[in-house]
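Reproduced below: final.tsv, with TSV, C-alpha atoms and all ligand atoms.
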```
chain	number	residue	atom	x	y	z
A	1	MET	CA	62.39	119.64	128.38
A	2	GLU	CA	65.62	121.21	127.07
A	3	GLN	CA	67.68	118.30	128.43
A	4	GLU	CA	65.28	115.88	126.78
A	5	LEU	CA	65.68	117.65	123.42
A	6	LEU	CA	69.47	117.62	123.73
A	7	LYS	CA	69.37	113.88	124.42
A	8	ILE	CA	67.16	113.27	121.37
A	9	GLY	CA	69.57	115.40	119.30
A	10	THR	CA	72.58	113.43	120.49
A	11	ILE	CA	71.02	110.06	119.66
A	12	ALA	CA	69.86	111.24	116.21
A	13	LEU	CA	73.26	112.76	115.34
A	14	LYS	CA	75.12	109.65	116.50
A	15	LYS	CA	72.82	107.63	114.22
A	16	ALA	CA	73.48	110.02	111.33
A	17	ALA	CA	77.23	109.65	111.89
A	18	LEU	CA	77.01	105.87	111.48
A	19	ASN	CA	74.51	105.86	108.62
A	20	GLU	CA	76.45	104.85	105.49
A	21	GLU	CA	73.57	105.77	103.18
A	22	ALA	CA	73.41	109.31	104.58
A	23	LYS	CA	77.19	109.61	104.36
A	24	ASN	CA	77.27	108.49	100.71
A	25	PHE	CA	74.42	110.85	99.89
A	26	VAL	CA	76.39	113.77	101.33
A	27	LEU	CA	79.62	112.74	99.60
A	28	GLN	CA	77.90	112.43	96.22
A	29	ASN	CA	75.84	115.61	96.43
A	30	GLU	CA	78.25	118.42	95.53
A	31	MET	CA	76.06	121.19	96.93
A	32	LEU	CA	75.45	119.45	100.26
A	33	PHE	CA	79.10	118.40	100.50
A	34	LYS	CA	80.32	121.97	99.99
A	35	THR	CA	77.76	123.31	102.47
A	36	LEU	CA	78.67	120.88	105.25
A	37	LYS	CA	82.38	121.39	104.58
A	38	LYS	CA	81.97	125.01	105.67
A	39	ALA	CA	80.76	123.76	109.06
A	40	ALA	CA	83.47	121.09	109.25
A	41	TYR	CA	86.30	123.59	108.75
A	42	ARG	CA	85.71	124.96	112.27
A	43	TYR	CA	86.97	121.63	113.60
A	44	ILE	CA	89.73	120.59	111.20
A	45	GLY	CA	93.14	121.94	110.31
A	46	GLY	CA	92.44	121.18	106.66
A	47	GLU	CA	91.84	118.33	104.27
A	48	ASN	CA	95.56	117.90	103.62
A	49	LEU	CA	98.87	118.39	105.40
A	50	ASP	CA	99.87	121.65	103.68
A	51	GLU	CA	96.69	123.41	104.85
A	52	THR	CA	97.14	121.94	108.31
A	53	ILE	CA	100.72	123.20	108.69
A	54	ILE	CA	99.37	126.73	108.20
A	55	SER	CA	96.78	126.14	110.93
A	56	ILE	CA	99.47	124.76	113.30
A	57	GLN	CA	101.71	127.76	112.63
A	58	LYS	CA	98.81	130.10	113.44
A	59	TRP	CA	98.31	128.50	116.87
A	60	ASN	CA	102.06	128.31	117.53
A	61	LYS	CA	102.30	132.04	116.83
A	62	LYS	CA	99.68	132.67	119.53
A	63	GLY	CA	101.86	130.75	121.99
A	64	PHE	CA	100.00	127.42	121.95
A	65	ASP	CA	101.39	123.92	121.83
A	66	VAL	CA	99.69	121.82	119.18
A	67	THR	CA	99.15	118.12	118.68
A	68	THR	CA	98.15	116.90	115.22
A	69	ASP	CA	96.16	113.85	114.21
A	70	PHE	CA	95.48	112.48	110.72
A	71	MET	CA	91.85	111.46	111.19
A	72	GLY	CA	90.77	107.85	110.98
A	73	GLU	CA	90.27	104.72	113.04
A	74	SER	CA	89.20	101.09	112.95
A	75	ILE	CA	91.16	100.16	109.82
A	76	ARG	CA	90.80	96.46	109.09
A	77	ASN	CA	93.38	95.74	106.41
A	78	GLU	CA	97.15	96.01	106.29
A	79	LYS	CA	97.38	98.18	103.18
A	80	ASP	CA	95.15	100.93	104.61
A	81	ALA	CA	96.99	100.77	107.96
A	82	ASP	CA	100.30	101.16	106.13
A	83	ASP	CA	98.93	104.06	104.06
A	84	ALA	CA	97.81	105.82	107.25
A	85	THR	CA	101.24	105.18	108.77
A	86	LYS	CA	102.89	106.74	105.71
A	87	GLU	CA	100.78	109.87	106.25
A	88	PHE	CA	101.81	110.02	109.93
A	89	LEU	CA	105.46	109.64	108.86
A	90	LYS	CA	105.00	112.48	106.38
A	91	LEU	CA	103.48	114.56	109.18
A	92	ALA	CA	106.39	113.79	111.53
A	93	GLU	CA	108.88	114.63	108.79
A	94	SER	CA	107.10	117.94	108.03
A	95	ILE	CA	107.15	118.87	111.71
A	96	ARG	CA	110.93	118.33	111.63
A	97	THR	CA	111.62	120.22	108.42
A	98	THR	CA	109.31	123.18	109.07
A	99	GLY	CA	110.28	123.49	112.74
A	100	ILE	CA	106.66	123.84	113.85
A	101	ASN	CA	105.78	122.88	117.41
A	102	SER	CA	103.45	119.90	117.26
A	103	SER	CA	103.33	116.46	118.79
A	104	ILE	CA	101.44	113.68	117.01
A	105	SER	CA	98.24	112.05	118.26
A	106	LEU	CA	96.85	108.84	116.84
A	107	ASP	CA	94.48	105.93	117.29
A	108	LEU	CA	96.27	102.57	117.25
A	109	SER	CA	93.33	101.11	115.29
A	110	HIS	CA	94.18	103.57	112.51
A	111	ILE	CA	97.66	102.09	112.08
A	112	GLY	CA	96.93	98.39	112.34
A	113	LEU	CA	95.68	97.34	115.79
A	114	LEU	CA	92.69	95.48	114.32
A	115	VAL	CA	94.94	93.66	111.81
A	116	SER	CA	97.52	92.51	114.37
A	117	LYS	CA	99.25	93.83	117.47
A	118	GLU	CA	102.60	93.29	115.73
A	119	LEU	CA	101.60	95.57	112.85
A	120	ALA	CA	100.45	98.31	115.23
A	121	VAL	CA	103.71	98.08	117.23
A	122	GLN	CA	105.82	98.17	114.07
A	123	ASN	CA	103.99	101.21	112.66
A	124	LEU	CA	103.90	103.03	116.00
A	125	SER	CA	107.65	102.49	116.49
A	126	ALA	CA	108.41	103.90	113.03
A	127	ILE	CA	106.37	107.05	113.80
A	128	CYS	CA	108.04	107.44	117.23
A	129	GLU	CA	111.47	107.27	115.61
A	130	VAL	CA	110.82	110.11	113.15
A	131	ALA	CA	109.01	112.21	115.81
A	132	LYS	CA	112.02	111.81	118.11
A	133	MET	CA	114.25	113.56	115.55
A	134	SER	CA	112.41	116.79	116.32
A	135	ASN	CA	111.99	115.92	120.02
A	136	GLN	CA	108.27	115.50	119.62
A	137	GLU	CA	105.96	113.09	121.39
A	138	VAL	CA	103.51	110.59	119.97
A	139	ILE	CA	100.34	110.36	122.07
A	140	ILE	CA	98.09	107.32	121.81
A	141	SER	CA	94.34	107.97	122.00
A	142	MET	CA	92.14	105.62	124.01
A	143	GLU	CA	89.37	103.75	122.19
A	144	GLY	CA	86.43	101.48	123.18
A	145	THR	CA	86.64	99.08	126.13
A	146	ASP	CA	87.18	96.04	123.87
A	147	ARG	CA	90.55	97.62	122.99
A	148	THR	CA	91.73	99.02	126.34
A	149	ASP	CA	93.94	96.05	127.29
A	150	SER	CA	95.70	95.78	123.95
A	151	ILE	CA	96.26	99.55	123.75
A	152	LEU	CA	97.78	99.66	127.24
A	153	ASP	CA	99.94	96.60	126.49
A	154	ILE	CA	101.30	98.15	123.30
A	155	TYR	CA	101.93	101.43	125.11
A	156	LYS	CA	103.86	99.79	127.97
A	157	ASP	CA	105.89	97.65	125.61
A	158	THR	CA	106.74	100.41	123.11
A	159	LEU	CA	107.60	102.90	125.85
A	160	LYS	CA	110.56	100.67	126.79
A	161	ARG	CA	112.13	101.46	123.41
A	162	HIS	CA	110.69	104.91	122.69
A	163	ASP	CA	110.63	107.41	125.53
A	164	ASN	CA	108.70	109.99	123.47
A	165	LEU	CA	105.40	108.16	123.90
A	166	GLY	CA	102.25	109.18	125.79
A	167	ILE	CA	98.90	107.55	126.56
A	168	THR	CA	95.31	108.72	127.00
A	169	ILE	CA	93.44	107.59	130.11
A	170	GLN	CA	89.64	107.69	130.47
A	171	ALA	CA	88.49	108.82	133.92
A	172	TYR	CA	84.98	107.35	133.45
A	173	LEU	CA	86.20	103.73	133.38
A	174	LYS	CA	86.10	102.01	136.76
A	175	ARG	CA	89.21	100.02	135.83
A	176	THR	CA	91.13	103.31	135.47
A	177	GLU	CA	91.62	103.45	139.25
A	178	GLU	CA	94.16	100.62	138.87
A	179	ASP	CA	95.47	101.46	135.38
A	180	PHE	CA	96.12	105.04	136.43
A	181	GLN	CA	98.45	104.04	139.28
A	182	GLU	CA	100.37	101.79	136.90
A	183	MET	CA	100.66	104.56	134.27
A	184	LEU	CA	101.83	107.01	136.94
A	185	ARG	CA	104.80	104.75	137.67
A	186	LEU	CA	105.88	104.94	134.02
A	187	THR	CA	107.63	107.94	132.52
A	188	GLY	CA	105.36	108.54	129.52
A	189	SER	CA	103.00	111.50	129.46
A	190	ILE	CA	99.35	111.02	130.35
A	191	ARG	CA	96.40	112.74	128.64
A	192	LEU	CA	93.43	112.67	131.00
A	193	VAL	CA	89.97	112.64	129.39
A	194	LYS	CA	86.52	111.77	130.73
A	195	GLY	CA	85.87	109.14	128.03
A	196	ALA	CA	83.73	109.27	124.91
A	197	TYR	CA	82.69	105.72	123.99
A	198	ASP	CA	79.58	103.80	125.03
A	199	THR	CA	80.59	101.06	127.45
A	200	PRO	CA	78.99	97.79	128.54
A	201	ASN	CA	76.82	98.15	131.66
A	202	GLY	CA	78.61	98.79	134.90
A	203	MET	CA	82.04	99.51	133.43
A	204	SER	CA	81.88	103.28	133.57
A	205	ILE	CA	80.72	106.21	135.67
A	206	GLU	CA	78.03	108.45	134.16
A	207	ARG	CA	78.63	112.12	133.33
A	208	GLY	CA	77.91	114.31	136.35
A	209	GLU	CA	79.30	115.62	139.65
A	210	LYS	CA	80.77	112.26	140.71
A	211	LEU	CA	82.72	111.84	137.48
A	212	ASP	CA	83.93	115.45	137.68
A	213	GLU	CA	85.21	114.79	141.20
A	214	ILE	CA	87.02	111.62	140.15
A	215	TYR	CA	88.48	113.37	137.09
A	216	LEU	CA	89.81	116.18	139.28
A	217	GLU	CA	91.30	113.69	141.77
A	218	TYR	CA	93.31	112.12	138.92
A	219	ALA	CA	94.27	115.58	137.68
A	220	GLU	CA	95.46	116.52	141.17
A	221	GLN	CA	97.71	113.46	141.36
A	222	LEU	CA	99.27	114.27	138.00
A	223	LEU	CA	99.86	117.93	138.83
A	224	ALA	CA	101.10	117.31	142.38
A	225	LYS	CA	103.70	114.88	141.03
A	226	ASN	CA	104.52	117.13	138.05
A	227	HIS	CA	103.98	114.06	135.88
A	228	LYS	CA	104.00	115.16	132.24
A	229	CYS	CA	100.28	115.47	131.44
A	230	SER	CA	97.43	116.99	129.50
A	231	ILE	CA	94.18	117.88	131.19
A	232	ALA	CA	91.93	117.47	128.16
A	233	SER	CA	88.36	118.68	128.49
A	234	HIS	CA	85.86	121.15	127.06
A	235	HIS	CA	84.24	121.59	130.44
A	236	GLU	CA	84.99	125.05	131.76
A	237	LYS	CA	84.50	123.93	135.37
A	238	ILE	CA	87.17	121.23	134.93
A	239	HIS	CA	89.73	123.65	133.50
A	240	LYS	CA	88.93	126.35	136.10
A	241	GLU	CA	89.39	123.85	138.96
A	242	THR	CA	92.57	122.65	137.28
A	243	THR	CA	94.01	126.16	137.28
A	244	LYS	CA	93.52	126.24	141.07
A	245	LEU	CA	95.52	122.99	141.31
A	246	ILE	CA	98.20	124.43	139.04
A	247	ASN	CA	98.46	127.52	141.26
A	248	LYS	CA	98.76	125.26	144.31
A	249	TYR	CA	101.34	122.74	143.04
A	250	LYS	CA	103.16	124.89	140.47
A	251	PRO	CA	103.83	122.04	138.02
A	252	THR	CA	105.76	122.81	134.84
A	253	ASP	CA	105.01	119.80	132.64
A	254	TYR	CA	101.30	120.14	131.99
A	255	VAL	CA	98.95	121.47	129.32
A	256	LEU	CA	95.27	122.35	129.28
A	257	GLU	CA	94.05	120.82	126.04
A	258	ARG	CA	91.02	121.16	123.77
A	259	LEU	CA	90.04	120.04	120.30
A	260	LEU	CA	90.27	122.67	117.56
A	261	GLY	CA	87.00	124.57	117.23
A	262	ILE	CA	85.53	123.74	120.63
A	263	ARG	CA	85.44	126.51	123.20
A	264	ASN	CA	88.83	127.73	122.04
A	265	GLU	CA	88.07	131.30	123.22
A	266	GLU	CA	88.16	130.05	126.83
A	267	LEU	CA	91.44	128.28	126.10
A	268	GLU	CA	92.83	131.55	124.71
A	269	ASP	CA	91.90	133.22	128.01
A	270	PHE	CA	93.78	130.54	129.95
A	271	ASN	CA	96.74	131.00	127.61
A	272	ASP	CA	96.63	134.79	128.09
A	273	ASN	CA	96.71	134.21	131.85
A	274	GLY	CA	99.96	132.27	131.56
A	275	TYR	CA	98.74	128.64	131.63
A	276	ASN	CA	100.26	126.16	129.17
A	277	CYS	CA	97.65	125.31	126.55
A	278	ARG	CA	97.48	122.87	123.66
A	279	VAL	CA	95.14	122.63	120.68
A	280	TYR	CA	94.41	119.22	119.19
A	281	ILE	CA	94.19	119.61	115.41
A	282	VAL	CA	92.86	116.86	113.19
A	283	TYR	CA	93.07	116.85	109.43
A	284	GLY	CA	91.97	114.69	106.51
A	285	THR	CA	89.13	114.17	104.10
A	286	GLU	CA	87.03	111.92	106.35
A	287	TRP	CA	85.53	114.91	108.13
A	288	TYR	CA	81.86	113.91	107.76
A	289	LEU	CA	81.95	111.43	110.67
A	290	TYR	CA	84.10	113.82	112.70
A	291	LEU	CA	81.62	116.68	112.19
A	292	CYS	CA	78.63	114.51	113.15
A	293	ASN	CA	80.45	113.43	116.33
A	294	ARG	CA	81.23	117.02	117.35
A	295	TRP	CA	77.56	117.89	116.86
A	296	ALA	CA	76.34	114.75	118.62
A	297	GLU	CA	78.40	115.32	121.77
A	298	TYR	CA	76.91	118.79	122.17
A	299	PRO	CA	73.90	119.30	119.85
A	300	LEU	CA	73.85	123.07	120.46
A	301	ASN	CA	76.94	123.10	118.21
A	302	LEU	CA	74.49	122.64	115.34
A	303	PHE	CA	73.69	126.33	115.69
A	304	ARG	CA	77.38	127.16	115.25
A	305	GLY	CA	77.29	124.95	112.16
A	306	ILE	CA	74.36	126.87	110.75
A	307	ALA	CA	76.15	130.18	111.45
A	308	ASP	CA	79.36	128.89	109.80
A	309	ILE	CA	77.39	127.82	106.72
A	310	VAL	CA	75.48	131.09	106.43
A	311	ASN	CA	78.40	133.42	107.20
A	312	LYS	CA	81.14	131.86	105.07
A	401	LIG	C1	92.19	116.87	123.46
A	401	LIG	C2	91.17	115.79	123.66
A	401	LIG	C3	91.49	114.47	123.37
A	401	LIG	C4	90.54	113.46	123.57
A	401	LIG	N1	90.89	112.14	123.35
A	401	LIG	C5	90.01	111.16	123.69
A	401	LIG	C6	90.38	109.79	123.61
A	401	LIG	O1	91.49	109.43	123.22
A	401	LIG	N2	89.47	108.85	124.00
A	401	LIG	C7	88.21	109.20	124.47
A	401	LIG	O2	87.45	108.31	124.84
A	401	LIG	N3	87.84	110.49	124.52
A	401	LIG	C8	88.70	111.47	124.16
A	401	LIG	N4	88.30	112.78	124.25
A	401	LIG	C9	86.88	113.11	124.52
A	401	LIG	C10	86.59	113.10	126.02
A	401	LIG	O3	86.65	111.79	126.54
A	401	LIG	C11	85.18	113.65	126.30
A	401	LIG	O4	84.23	112.84	125.70
A	401	LIG	C12	84.97	115.08	125.82
A	401	LIG	O5	86.06	115.89	126.13
A	401	LIG	C13	83.70	115.62	126.52
A	401	LIG	O6	83.89	115.64	127.90
A	401	LIG	P1	84.17	117.02	128.65
A	401	LIG	O7	84.93	116.85	129.88
A	401	LIG	O8	84.86	117.88	127.65
A	401	LIG	O9	82.74	117.60	128.93
A	401	LIG	P2	81.33	116.91	129.29
A	401	LIG	O10	81.34	116.37	130.66
A	401	LIG	O11	80.93	115.96	128.21
A	401	LIG	O12	80.39	118.19	129.23
A	401	LIG	C14	80.50	119.22	130.21
A	401	LIG	C15	80.34	120.58	129.56
A	401	LIG	O13	81.45	120.84	128.69
A	401	LIG	C16	81.00	121.59	127.56
A	401	LIG	N5	81.20	120.76	126.35
A	401	LIG	C17	81.48	119.45	126.28
A	401	LIG	N6	81.61	119.04	125.01
A	401	LIG	C18	81.40	120.13	124.25
A	401	LIG	C19	81.40	120.38	122.85
A	401	LIG	N7	81.64	119.41	121.95
A	401	LIG	N8	81.13	121.62	122.41
A	401	LIG	C20	80.90	122.62	123.29
A	401	LIG	N9	80.90	122.46	124.62
A	401	LIG	C21	81.15	121.24	125.10
A	401	LIG	C22	79.53	121.86	127.79
A	401	LIG	O14	79.41	123.06	128.50
A	401	LIG	C23	79.12	120.70	128.67
A	401	LIG	O15	77.96	121.00	129.42
A	401	LIG	C24	89.24	113.80	124.06
A	401	LIG	C25	88.94	115.13	124.37
A	401	LIG	C26	89.88	116.11	124.18
A	401	LIG	C27	89.53	117.53	124.57
```

Can the structure from this file be put into structure tokens for me?
Amino acid sequence: MEQELLKIGTIALKKAALNEEAKNFVLQNEMLFKTLKKAAYRYIGGENLDETIISIQKWNKKGFDVTTDFMGESIRNEKDADDATKEFLKLAESIRTTGINSSISLDLSHIGLLVSKELAVQNLSAICEVAKMSNQEVIISMEGTDRTDSILDIYKDTLKRHDNLGITIQAYLKRTEEDFQEMLRLTGSIRLVKGAYDTPNGMSIERGEKLDEIYLEYAEQLLAKNHKCSIASHHEKIHKETTKLINKYKPTDYVLERLLGIRNEELEDFNDNGYNCRVYIVYGTEWYLYLCNRWAEYPLNLFRGIADIVNK
């Protein structure tokens, strides 16, 4: 019964996230907008870069690595892709001038992938160059299966010119078995996630024990080789098992990573126990979709939302 309710909640919240009418209603209704913003602030560094720098500094002070993402994806015109790129360049420049410790994470479809591969490569290269000045990485997120090939191609190609580049790999995709071995042979860092997007039938492994096992097998290969990596998950079991692998192989170039606002107390415990931890901080004004997605992936988070709204 509970599982059934959670499933219904997930489907409804995913629908709400994609419903333009609902989104416009929220954006135009000042009261509702302000109310939901209180819940959104759990998950975002801020609506602008200045606010976000303060959030990054707070996590740095606690001993955490940070990666920062200016939220957005699936941009379909050159001007918007260039505007997003300018914001990422501003972020990279601020990281350099303030001396904060943060890499940059981004979706290639935010900086031009859906306009042309050339535009995405050009914008990505520009961001890598500025990030390199402060010795920071740029980590590419992985998107839906219709984009996997082009994202991997751009990654492999750009890595030849920019060694401060990393890629995200989705353990739930069956094709990952092959892609993973190829990525392991390259020097770039690998962020391992389970995978968030719906996929066409047969392309992915469902959530559950089998996927957890496969995820941990990939994690073991990364940690045994001390390949620069992030084990990114909100699943306590995954991070607990990972700590056993870390104790066994004693790698140095890894982080346990979570999104800001999701089970961060557990991450603080791992950090207190000496494991390298990273918080993924997103910022921007497009938080409505982001909030709906955080609720949809784990509908019990709605209760946190209600508490945030009532208590703030
Ligand atoms: C840093 C980071 C970067 C990511 N980048 C990408 C990317 O580029 N591409 C991509 O496809 N996906 C990405 N993801 C999402 C990822 O693929 C998973 O969808 C997401 O992490 C949920 O899987 P899981 O392993 O965390 O837990 P699941 O297997 O989904 O759930 C297991 C348990 O974890 C806990 N849990 C899971 N989610 C939540 C939550 N939201 N709130 C509270 N508890 C929760 C619950 O206890 C749940 O029962 C990223 C995730 C992280 C942490």

TODO: Could you give me, as a PyMOL selection string, every polymer residue with an atom at most 7 Å away from an atom of ligand LIG 401 (chain A), counting only C-alpha atoms and all ligand atoms?
DONE: chain A and resi 141-143+168+170+193-197+207-208+232-236+257-259+262-263+280+294-295+297-298+301

Selection export as a tab-separated table (two decimals), in the frame of the given file, atoms kept: C-alpha atoms:
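Output (out-v9.tsv):
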```tsv
chain	number	residue	atom	x	y	z
A	141	SER	CA	94.34	107.97	122.00
A	142	MET	CA	92.14	105.62	124.01
A	143	GLU	CA	89.37	103.75	122.19
A	168	THR	CA	95.31	108.72	127.00
A	170	GLN	CA	89.64	107.69	130.47
A	193	VAL	CA	89.97	112.64	129.39
A	194	LYS	CA	86.52	111.77	130.73
A	195	GLY	CA	85.87	109.14	128.03
A	196	ALA	CA	83.73	109.27	124.91
A	197	TYR	CA	82.69	105.72	123.99
A	207	ARG	CA	78.63	112.12	133.33
A	208	GLY	CA	77.91	114.31	136.35
A	232	ALA	CA	91.93	117.47	128.16
A	233	SER	CA	88.36	118.68	128.49
A	234	HIS	CA	85.86	121.15	127.06
A	235	HIS	CA	84.24	121.59	130.44
A	236	GLU	CA	84.99	125.05	131.76
A	257	GLU	CA	94.05	120.82	126.04
A	258	ARG	CA	91.02	121.16	123.77
A	259	LEU	CA	90.04	120.04	120.30
A	262	ILE	CA	85.53	123.74	120.63
A	263	ARG	CA	85.44	126.51	123.20
A	280	TYR	CA	94.41	119.22	119.19
A	294	ARG	CA	81.23	117.02	117.35
A	295	TRP	CA	77.56	117.89	116.86
A	297	GLU	CA	78.40	115.32	121.77
A	298	TYR	CA	76.91	118.79	122.17
A	301	ASN	CA	76.94	123.10	118.21
```

TODO: Excluding Asn247 in chain A and residues on its chain fewer than 5 positions from it, collect all residues at most 12 Å away from it, counting only C-alpha atoms, and give them as a ChimeraX atom specification.
DONE: /A:220,223-224,240-242,252,273-275

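Residues in contact with Leu186 in chain A at 10 Å, where all atoms listed in the file are counted and same-chain residues fewer than 2 positions away are skipped, are listed as Lys156, Leu159, Lys160, Gly166, Gln181, Glu182, Met183, Leu184, Gly188, Ser189, Ile190 and His227 of chain A.
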
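Nearest-residue note for Gly63 in chain A: choosing from A:Glu286, A:Asp107, A:Asp269, A:Asp253, the minimum distance belongs to A:Asp269, counting only C-alpha atoms.
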
Open item on the list: For a quick check of understanding, using only C-alpha atoms, which of A:Leu300, A:Leu106, A:Leu192, A:Ile306 has the smallest distance to Tyr254 in chain A?
Closed with: A:Leu192

Open item on the list: So the first atom is CA of Glu266 in chain A and the second is CA of Tyr249 in chain A; what is the distance between them in Å, to one decimal place?
Closed with: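 Interatomic distance here is 22.1 Å.
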
Open item on the list: Please determine, counting all atoms listed in the file, which residue among A:Ala40, A:Ile127, A:Trp59, A:Gln136 has the shortest atom-to-atom distance to Asn293 in chain A.
Closed with: A:Ala40

Task: Distance criterion (only C-alpha atoms): nearest to Asn48 in chain A out of A:Pro299, A:Gly305, A:Gly144, A:Gly284 - done: A:Gly284

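Our summary of the geometry notes that CA of Gly99 in chain A is positioned 16.8 Å from CA of Cys128 in chain A.
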
Task: Neighbour residues at most 12 Å from (90.1, 100.8, 132.4) (only C-alpha atoms) as a ChimeraX atom specification - done: /A:142-152,168-183,194-195,199,202-205

Task: Pairwise distance for CA of Thr52 in chain A and CA of Ile281 in chain A, rounded to one decimal in Å - done: 8.0 Å

N, CA and C atoms for range 154-173 of chain A, written as a PDB file, in the coordinates of the input, could you do that?
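The result, written out as rebuild-v9.pdb:
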```pdb
ATOM      1  N   ILE A 154     100.407  97.613 124.343  1.00  0.00           N
ATOM      2  CA  ILE A 154     101.300  98.150 123.300  1.00  0.00           C
ATOM      3  C   ILE A 154     102.023  99.392 123.816  1.00  0.00           C
ATOM      4  N   TYR A 155     101.306 100.216 124.544  1.00  0.00           N
ATOM      5  CA  TYR A 155     101.930 101.430 125.110  1.00  0.00           C
ATOM      6  C   TYR A 155     103.097 101.053 126.022  1.00  0.00           C
ATOM      7  N   LYS A 156     102.820 100.151 126.975  1.00  0.00           N
ATOM      8  CA  LYS A 156     103.860  99.790 127.970  1.00  0.00           C
ATOM      9  C   LYS A 156     105.070  99.186 127.274  1.00  0.00           C
ATOM     10  N   ASP A 157     104.801  98.335 126.302  1.00  0.00           N
ATOM     11  CA  ASP A 157     105.890  97.650 125.610  1.00  0.00           C
ATOM     12  C   ASP A 157     106.717  98.637 124.759  1.00  0.00           C
ATOM     13  N   THR A 158     106.028  99.498 124.018  1.00  0.00           N
ATOM     14  CA  THR A 158     106.740 100.410 123.110  1.00  0.00           C
ATOM     15  C   THR A 158     107.492 101.496 123.879  1.00  0.00           C
ATOM     16  N   LEU A 159     106.955 101.865 125.032  1.00  0.00           N
ATOM     17  CA  LEU A 159     107.600 102.900 125.850  1.00  0.00           C
ATOM     18  C   LEU A 159     109.023 102.467 126.288  1.00  0.00           C
ATOM     19  N   LYS A 160     109.221 101.155 126.394  1.00  0.00           N
ATOM     20  CA  LYS A 160     110.560 100.670 126.790  1.00  0.00           C
ATOM     21  C   LYS A 160     111.611 101.039 125.750  1.00  0.00           C
ATOM     22  N   ARG A 161     111.175 101.144 124.496  1.00  0.00           N
ATOM     23  CA  ARG A 161     112.130 101.460 123.410  1.00  0.00           C
ATOM     24  C   ARG A 161     112.029 102.905 122.920  1.00  0.00           C
ATOM     25  N   HIS A 162     110.892 103.537 123.183  1.00  0.00           N
ATOM     26  CA  HIS A 162     110.690 104.910 122.690  1.00  0.00           C
ATOM     27  C   HIS A 162     110.170 105.776 123.844  1.00  0.00           C
ATOM     28  N   ASP A 163     111.048 106.646 124.340  1.00  0.00           N
ATOM     29  CA  ASP A 163     110.630 107.410 125.530  1.00  0.00           C
ATOM     30  C   ASP A 163     109.742 108.605 125.178  1.00  0.00           C
ATOM     31  N   ASN A 164     109.538 108.845 123.882  1.00  0.00           N
ATOM     32  CA  ASN A 164     108.700 109.990 123.470  1.00  0.00           C
ATOM     33  C   ASN A 164     107.260 109.543 123.208  1.00  0.00           C
ATOM     34  N   LEU A 165     106.735 108.708 124.117  1.00  0.00           N
ATOM     35  CA  LEU A 165     105.400 108.160 123.900  1.00  0.00           C
ATOM     36  C   LEU A 165     104.487 108.549 125.065  1.00  0.00           C
ATOM     37  N   GLY A 166     103.221 108.846 124.746  1.00  0.00           N
ATOM     38  CA  GLY A 166     102.250 109.180 125.790  1.00  0.00           C
ATOM     39  C   GLY A 166     100.978 108.367 125.589  1.00  0.00           C
ATOM     40  N   ILE A 167     100.129 108.355 126.616  1.00  0.00           N
ATOM     41  CA  ILE A 167      98.900 107.550 126.560  1.00  0.00           C
ATOM     42  C   ILE A 167      97.710 108.392 127.030  1.00  0.00           C
ATOM     43  N   THR A 168      96.536 108.059 126.532  1.00  0.00           N
ATOM     44  CA  THR A 168      95.310 108.720 127.000  1.00  0.00           C
ATOM     45  C   THR A 168      94.588 107.792 127.975  1.00  0.00           C
ATOM     46  N   ILE A 169      94.127 108.366 129.073  1.00  0.00           N
ATOM     47  CA  ILE A 169      93.440 107.590 130.110  1.00  0.00           C
ATOM     48  C   ILE A 169      92.031 108.145 130.295  1.00  0.00           C
ATOM     49  N   GLN A 170      91.033 107.248 130.359  1.00  0.00           N
ATOM     50  CA  GLN A 170      89.640 107.690 130.470  1.00  0.00           C
ATOM     51  C   GLN A 170      89.167 107.613 131.925  1.00  0.00           C
ATOM     52  N   ALA A 171      88.873 108.768 132.493  1.00  0.00           N
ATOM     53  CA  ALA A 171      88.490 108.820 133.920  1.00  0.00           C
ATOM     54  C   ALA A 171      87.184 108.076 134.194  1.00  0.00           C
ATOM     55  N   TYR A 172      86.290 107.972 133.177  1.00  0.00           N
ATOM     56  CA  TYR A 172      84.980 107.350 133.450  1.00  0.00           C
ATOM     57  C   TYR A 172      85.042 105.832 133.628  1.00  0.00           C
ATOM     58  N   LEU A 173      86.118 105.192 133.224  1.00  0.00           N
ATOM     59  CA  LEU A 173      86.200 103.730 133.380  1.00  0.00           C
ATOM     60  C   LEU A 173      86.544 103.381 134.821  1.00  0.00           C
TER      61      LEU A 173
END
```
